[in-house]
Structures are given as structure tokens and as C-alpha cells.
file input-v1.txt (compact mmCIF, C-alpha atoms)
# COMPACT_ATOMS: atom_id res chain seq x y z
CA MET A 1 22.60 155.33 -94.11
CA PRO A 2 18.87 154.60 -94.65
CA VAL A 3 19.12 151.35 -92.69
CA ASP A 4 20.70 153.11 -89.71
CA TYR A 5 18.02 155.79 -89.82
CA LEU A 6 15.15 153.29 -89.94
CA ALA A 7 16.70 151.18 -87.20
CA GLN A 8 17.04 154.21 -84.95
CA LEU A 9 13.29 154.84 -85.22
CA THR A 10 12.52 151.67 -83.24
CA ALA A 11 15.64 151.48 -81.07
CA PRO A 12 15.14 151.21 -77.29
CA GLU A 13 17.19 154.39 -76.85
CA ARG A 14 14.70 157.14 -77.66
CA SER A 15 15.03 160.76 -78.73
CA ALA A 16 12.47 163.44 -79.48
CA ARG A 17 13.47 163.28 -83.15
CA SER A 18 13.01 159.53 -83.48
CA ASN A 19 9.67 159.69 -81.63
CA LEU A 20 8.42 162.41 -83.95
CA HIS A 21 9.54 160.69 -87.15
CA LEU A 22 8.16 157.30 -86.12
CA GLY A 23 4.94 158.88 -84.87
CA ALA A 24 4.46 160.76 -88.14
CA GLY A 25 5.05 157.59 -90.14
CA LEU A 26 2.59 155.56 -88.10
CA ALA A 27 0.07 158.42 -88.14
CA PHE A 28 0.26 158.28 -91.94
CA VAL A 29 -0.47 154.55 -91.82
CA ALA A 30 -3.34 155.09 -89.37
CA GLY A 31 -4.88 157.79 -91.52
CA ALA A 32 -4.62 155.62 -94.63
CA LEU A 33 -6.22 152.64 -92.89
CA ASN A 34 -8.94 154.72 -91.30
CA ALA A 35 -9.99 156.45 -94.52
CA GLY A 36 -9.51 153.42 -96.75
CA GLY A 37 -11.20 151.21 -94.18
CA PHE A 38 -14.25 153.47 -94.18
CA LEU A 39 -14.64 152.99 -97.91
CA ALA A 40 -14.24 149.24 -97.37
CA VAL A 41 -16.49 148.57 -94.36
CA GLY A 42 -18.47 151.79 -93.91
CA GLN A 43 -17.06 152.77 -90.50
CA TYR A 44 -14.01 154.49 -89.07
CA THR A 45 -12.12 151.78 -87.26
CA SER A 46 -10.08 154.00 -84.93
CA HIS A 47 -13.05 156.03 -83.65
CA MET A 48 -13.56 154.23 -80.35
CA THR A 49 -15.32 157.22 -78.75
CA GLY A 50 -17.98 157.09 -81.43
CA LEU A 51 -18.35 153.32 -81.14
CA VAL A 52 -18.82 153.43 -77.37
CA SER A 53 -21.34 156.27 -77.75
CA ALA A 54 -23.14 154.33 -80.48
CA SER A 55 -23.41 151.28 -78.23
CA THR A 56 -25.11 153.33 -75.51
CA ASP A 57 -27.54 154.82 -78.04
CA HIS A 58 -28.40 151.37 -79.37
CA ILE A 59 -28.96 150.02 -75.86
CA ALA A 60 -31.26 152.94 -75.03
CA LEU A 61 -33.25 152.27 -78.21
CA GLY A 62 -33.45 148.56 -77.52
CA GLN A 63 -31.21 147.70 -80.48
CA PHE A 64 -29.08 145.24 -78.57
CA GLY A 65 -27.68 143.52 -81.64
CA LEU A 66 -26.23 146.79 -82.93
CA ALA A 67 -24.94 147.61 -79.44
CA PHE A 68 -23.05 144.31 -79.25
CA SER A 69 -21.67 144.96 -82.74
CA ALA A 70 -20.18 148.28 -81.65
CA LEU A 71 -18.77 146.76 -78.47
CA LEU A 72 -17.21 143.92 -80.46
CA ALA A 73 -15.28 146.45 -82.53
CA VAL A 74 -14.15 148.15 -79.30
CA ALA A 75 -13.08 144.78 -77.89
CA ALA A 76 -11.02 144.11 -81.04
CA PHE A 77 -9.24 147.45 -80.56
CA VAL A 78 -8.53 146.64 -76.90
CA MET A 79 -7.23 143.18 -77.78
CA GLY A 80 -4.91 144.73 -80.34
CA ALA A 81 -3.48 147.04 -77.69
CA ALA A 82 -3.18 144.12 -75.26
CA SER A 83 -1.30 142.10 -77.88
CA THR A 84 1.21 144.92 -78.27
CA ALA A 85 1.78 145.03 -74.51
CA LEU A 86 2.42 141.28 -74.42
CA LEU A 87 4.81 141.32 -77.38
CA VAL A 88 6.73 144.45 -76.39
CA ASN A 89 7.13 143.58 -72.71
CA TYR A 90 8.36 140.11 -73.62
CA GLY A 91 10.78 141.59 -76.15
CA LEU A 92 12.15 144.17 -73.72
CA ARG A 93 13.10 141.37 -71.33
CA HIS A 94 14.57 138.92 -73.82
CA ARG A 95 15.63 140.78 -76.99
CA PRO A 96 15.56 144.49 -76.10
CA ARG A 97 17.21 145.58 -79.35
CA TRP A 98 14.39 143.95 -81.30
CA ALA A 99 11.57 144.53 -78.81
CA TYR A 100 9.29 146.27 -81.29
CA VAL A 101 9.93 144.03 -84.30
CA PRO A 102 7.26 141.37 -83.55
CA THR A 103 4.51 143.98 -83.31
CA LEU A 104 5.60 145.66 -86.55
CA LEU A 105 5.71 142.31 -88.35
CA LEU A 106 2.32 141.31 -86.95
CA GLU A 107 0.77 144.56 -88.15
CA ALA A 108 2.41 144.11 -91.57
CA ALA A 109 1.06 140.54 -91.79
CA LEU A 110 -2.46 141.68 -90.90
CA LEU A 111 -2.29 144.43 -93.51
CA LEU A 112 -1.26 141.81 -96.05
CA VAL A 113 -4.30 139.77 -95.05
CA PHE A 114 -6.49 142.85 -95.43
CA GLY A 115 -5.01 143.71 -98.81
CA LEU A 116 -5.14 140.20 -100.27
CA ILE A 117 -8.37 138.72 -98.89
CA GLY A 118 -10.13 141.62 -97.19
CA SER A 119 -12.87 141.66 -99.81
CA GLN A 120 -13.53 137.96 -99.18
CA LEU A 121 -13.86 138.57 -95.43
CA LEU A 122 -16.53 141.25 -95.83
CA PRO A 123 -19.51 138.85 -96.15
CA HIS A 124 -18.44 136.94 -93.02
CA GLN A 125 -19.69 138.56 -89.83
CA ILE A 126 -19.57 138.23 -86.06
CA LEU A 127 -22.55 139.87 -84.36
CA ARG A 128 -23.24 141.86 -87.55
CA VAL A 129 -19.65 143.11 -87.75
CA SER A 130 -17.65 141.99 -90.76
CA LEU A 131 -14.38 140.20 -90.08
CA THR A 132 -12.69 142.94 -92.10
CA ALA A 133 -13.87 145.61 -89.64
CA VAL A 134 -12.76 143.48 -86.68
CA LEU A 135 -9.35 143.05 -88.32
CA LEU A 136 -8.91 146.79 -88.86
CA CYS A 137 -9.97 147.64 -85.29
CA PHE A 138 -7.44 145.12 -83.99
CA VAL A 139 -4.71 146.65 -86.17
CA MET A 140 -5.56 150.16 -84.95
CA GLY A 141 -5.31 149.08 -81.32
CA LEU A 142 -2.06 147.26 -82.06
CA GLN A 143 -0.46 150.28 -83.69
CA ASN A 144 -1.66 152.93 -81.26
CA ALA A 145 -0.40 150.90 -78.31
CA LEU A 146 2.96 150.43 -80.06
CA ILE A 147 3.71 154.13 -80.47
CA THR A 148 2.37 154.74 -76.96
CA LYS A 149 4.89 152.24 -75.56
CA ILE A 150 7.76 153.48 -77.69
CA SER A 151 7.24 157.17 -76.90
CA HIS A 152 6.41 156.61 -73.20
CA ALA A 153 2.79 157.70 -73.76
CA GLU A 154 3.80 161.03 -75.33
CA ILE A 155 2.53 160.27 -78.85
CA ARG A 156 -0.58 158.58 -80.20
CA THR A 157 -1.37 158.14 -83.87
CA THR A 158 -5.08 157.31 -84.17
CA HIS A 159 -6.72 159.84 -81.81
CA VAL A 160 -6.86 163.07 -83.79
CA THR A 161 -9.34 164.62 -81.34
CA GLY A 162 -6.72 164.60 -78.60
CA LEU A 163 -4.04 165.87 -80.98
CA LEU A 164 -6.23 168.77 -82.10
CA THR A 165 -7.08 169.60 -78.48
CA ASP A 166 -3.40 169.76 -77.55
CA LEU A 167 -2.68 171.75 -80.71
CA GLY A 168 -5.37 174.26 -79.78
CA LEU A 169 -4.02 174.60 -76.26
CA GLU A 170 -0.52 175.36 -77.50
CA LEU A 171 -1.86 177.82 -80.08
CA GLY A 172 -3.78 179.57 -77.31
CA ARG A 173 -0.60 179.89 -75.25
CA LEU A 174 1.29 181.13 -78.32
CA LEU A 175 -1.29 183.87 -78.96
CA TYR A 176 -1.62 184.90 -75.31
CA TRP A 177 -0.47 188.46 -74.60
CA ASN A 178 1.54 188.66 -71.39
CA ARG A 179 0.80 192.25 -70.38
CA LEU A 180 2.27 191.88 -66.90
CA PRO A 181 5.85 190.86 -66.07
CA ALA A 182 6.48 187.38 -64.74
CA SER A 183 6.40 186.74 -61.01
CA ALA A 184 6.72 183.77 -58.71
CA GLN A 185 2.94 183.62 -58.37
CA GLN A 186 2.15 184.26 -62.05
CA PRO A 187 4.77 183.03 -64.53
CA LEU A 188 4.52 184.03 -68.17
CA VAL A 189 2.18 182.03 -70.38
CA MET A 190 4.47 180.46 -72.98
CA ALA A 191 3.76 177.95 -75.73
CA ASN A 192 5.81 174.77 -75.95
CA ARG A 193 6.92 175.14 -79.56
CA GLN A 194 8.31 171.62 -79.70
CA ARG A 195 4.98 170.12 -78.67
CA LEU A 196 3.21 172.45 -81.09
CA ARG A 197 5.40 171.17 -83.92
CA ILE A 198 4.83 167.54 -82.88
CA HIS A 199 1.04 167.83 -82.76
CA LEU A 200 0.89 169.73 -86.03
CA SER A 201 3.14 167.16 -87.73
CA LEU A 202 1.04 164.23 -86.50
CA VAL A 203 -2.24 165.80 -87.59
CA LEU A 204 -0.78 166.64 -91.00
CA ALA A 205 0.63 163.11 -91.39
CA PHE A 206 -2.75 161.60 -90.48
CA PHE A 207 -4.51 163.87 -92.99
CA VAL A 208 -2.08 163.09 -95.83
CA GLY A 209 -2.28 159.39 -94.98
CA GLY A 210 -6.07 159.53 -94.99
CA LEU A 211 -6.12 161.24 -98.37
CA SER A 212 -3.64 158.72 -99.77
CA GLY A 213 -5.58 155.79 -98.34
CA ALA A 214 -8.91 157.02 -99.68
CA LEU A 215 -7.51 157.65 -103.16
CA GLY A 216 -5.63 154.35 -103.11
CA PHE A 217 -8.68 152.35 -102.12
CA LYS A 218 -10.84 154.23 -104.64
CA HIS A 219 -8.55 153.37 -107.55
CA ALA A 220 -6.89 150.10 -106.46
CA GLY A 221 -9.17 148.59 -103.84
CA PHE A 222 -7.96 146.51 -100.92
CA ILE A 223 -4.54 145.95 -102.46
CA ALA A 224 -3.73 149.62 -101.74
CA THR A 225 -2.67 148.58 -98.23
CA LEU A 226 0.23 146.46 -99.54
CA PRO A 227 2.68 149.42 -99.71
CA LEU A 228 1.86 150.18 -96.07
CA ALA A 229 2.65 146.59 -95.12
CA LEU A 230 5.91 146.77 -97.09
CA GLY A 231 6.91 149.94 -95.24
CA LEU A 232 6.37 148.23 -91.87
CA VAL A 233 8.41 145.23 -93.03
CA LEU A 234 11.28 147.53 -94.03
CA LEU A 235 11.11 149.24 -90.64
CA ALA A 236 11.21 145.89 -88.84
CA GLY A 237 13.95 144.61 -91.13
CA ALA A 238 16.17 147.57 -90.34
CA SER A 239 15.80 146.80 -86.64
CA LEU A 240 16.77 143.17 -87.22
CA LEU A 241 19.99 144.28 -88.89
CA ARG A 242 21.08 145.98 -85.68
CA PRO A 243 23.27 143.80 -83.46
CA ALA A 244 21.45 142.23 -80.54
CA GLY A 245 22.06 143.81 -77.16
CA GLY A 246 22.65 142.14 -73.86
CA GLY A 247 20.09 140.64 -71.51
CA GLY A 248 16.62 141.86 -70.84
CA THR A 249 15.80 145.21 -69.36
CA PRO A 250 12.77 146.31 -67.38
CA ASP A 251 9.93 148.02 -69.19
CA PRO A 252 11.03 151.68 -69.41
CA THR A 253 7.50 153.06 -69.66
CA PRO A 254 7.21 155.34 -66.57
CA ARG A 255 3.42 155.57 -66.51
CA GLY A 256 2.54 152.06 -65.45
CA PRO A 257 1.99 148.94 -67.53
CA ALA A 258 0.38 149.35 -70.94

call {"tool": "encode", "arguments": {"input": "input-v1.txt", "output": "C-alpha cells"}}
result
Amino acid sequence: MPVDYLAQLTAPERSARSNLHLGAGLAFVAGALNAGGFLAVGQYTSHMTGLVSASTDHIALGQFGLAFSALLAVAAFVMGAASTALLVNYGLRHRPRWAYVPTLLLEAALLLVFGLIGSQLLPHQILRVSLTAVLLCFVMGLQNALITKISHAEIRTTHVTGLLTDLGLELGRLLYWNRLPASAQQPLVMANRQRLRIHLSLVLAFFVGGLSGALGFKHAGFIATLPLALGLVLLAGASLLRPAGGGGTPDPTPRGPA
């Protein structure tokens, strides 16, 4: 059943399959927002490395206004991630079956805002950054933190640099020629084919999403994000149709608080 499948994607009980499928779906959304957002506001709103680097360049050149602008976008991304941590941790302790629903609905609502009034927010700025750019950076932080929490920090959807690095590492292991037999001191160099498939799928999903977002924004404008919002609403709705579980459970993320 489609509802059962969608609900399983955000269920507290995780599997490698559900992590991959959810990660690919959210990577598609991230790619669409990043590419479409660039056409809207003139900057890539998930590229925090570039924004931090830009802020240091602006400070060195004495362009403090531009430096604060870049740092504001970074702060919006961080606040998005922090919001996910608050919502998910609260949900895991009170409604564990629906722990990820509030974040999905919040992201869908913000995408609706972007699609319906994003063009009207462009002229309004905070420290030379349009409210539309701040909104998109917040959404990117929100989403990336969500998949990080769900997959126990195994999957991220907005950082293609890291995905390509991991993909290259696995490809290098796959191509390595083990001329000597394995030993206790020197085991064989073997590629993790599952991780290779995951990284390749996420990069491909981000690319297809980016292409779709760019074409959608080119031909339809801001309203092109409405299908993305609808998809997130359907995902959250499927989770709500699942019966509620028992009491709260501790945060299962094994790598410390998000």
C-alpha cells in the first residue's frame, strides 16, 4: 500500500532501505530548492562552506556589511537545524510514532510561503540579505538536520561535496588491485558496495532535483515549489495515519545530541 510505504519512510524503526529512499527523496527536494533558489535570490542556500569563506574574505577586505550578510545566512541554516532538534527530540519523548511529522509539516509550510509570497519577500532585507534567502537557508538547515537525525548521521541531503568525497573513496577501493593475499596485518582493500550505491543514489537524486527545480522556476516561477510542499505533506500525512505508539523513548541517535 502506498500509505504504508510512505509511513515506513519516517517510522522510528529504521532500515537501510527506508533511509535510502527517504534520503533520495529529500535530496531531490534539496537539489530543487538549491537550484531554483539560486535563480530566485542569486545564491546557493545550502552552500554553507562558501558562505563562511565569503564572510572571511569580506572581513579581510573591510566589507563588513557583506560579511554580516553571509553570516546571517549561516545563522539561518543553523537555526533551522536547531529547530529540527527541538521538534524531533520532543516528539521522540511524547509521540514517537509521529516524531518527524512536525518538522515535515513545518518545512512544507515554509515552502508554501516561498511559493506563494517569495517574490514579495525579495525586496525586504536584513543586513542586505533578502528574507527569501533567509527563509531558504532556514529550510535547508531544517531538512538536513531531519535526515541526519532519522538516519543516525549516516545520510545528509544538502552537502554534495561530502557525498562526492565518499563516492570517490569507495570507487578507489573498488578499483584497487589486491595483488597480495589478505593477512592479519594487511586485510584486503574492499569497497562497501552498499555505501557506494547510497552515495551514488543521493548525488543522482540531488542532480535530478536541481534540474527539475531550475526548469520549474524558469517556466513557473516561485510557485514551482508547491509540488515539493505537497509531497512533504503527503509524507507527513502517511505518518499520521499510523497508530500512535506507547510512551516516549530516548533519542536513539548514538552520536550525541543534534

call {"tool": "residues_around", "arguments": {"input": "input-v1.txt", "residues": "Phe206 of chain A", "least_positions_apart": "6", "cutoff": "10 Å", "atoms": "all atoms listed in the file", "output": "PyMOL selection string"}}
result
chain A and resi 23-35+157-160+200+212

call {"tool": "residues_around", "arguments": {"input": "input-v1.txt", "residues": "Asp4 of chain A", "least_positions_apart": "4", "cutoff": "10 Å", "atoms": "all atoms listed in the file", "output": "count of residues only"}}
result
6

call {"tool": "closest_residue", "arguments": {"input": "input-v1.txt", "among": "A:Gly36, A:Pro2, A:Gly65, A:Pro12", "to": "Arg95 of chain A", "atoms": "all atoms listed in the file"}}
result
A:Pro12

call {"tool": "residues_around", "arguments": {"input": "input-v1.txt", "residues": "Gln194 of chain A", "least_positions_apart": "2", "cutoff": "12 Å", "atoms": "only C-alpha atoms", "output": "list in words"}}
result
Ala16, Arg17, Leu20, Leu167, Glu170, Leu171, Leu174, Met190, Ala191, Asn192, Leu196, Arg197, Ile198, His199, Leu200 and Ser201 of chain A

call {"tool": "atom_distance", "arguments": {"input": "input-v1.txt", "atom1": "atom CA of Tyr176 of chain A", "atom2": "atom CA of Val189 of chain A"}}
result
6.9 Å

call {"tool": "closest_residue", "arguments": {"input": "input-v1.txt", "among": "A:Ala54, A:Ala236, A:Ile155, A:Leu226", "to": "Leu116 of chain A", "atoms": "all atoms listed in the file"}}
result
A:Leu226
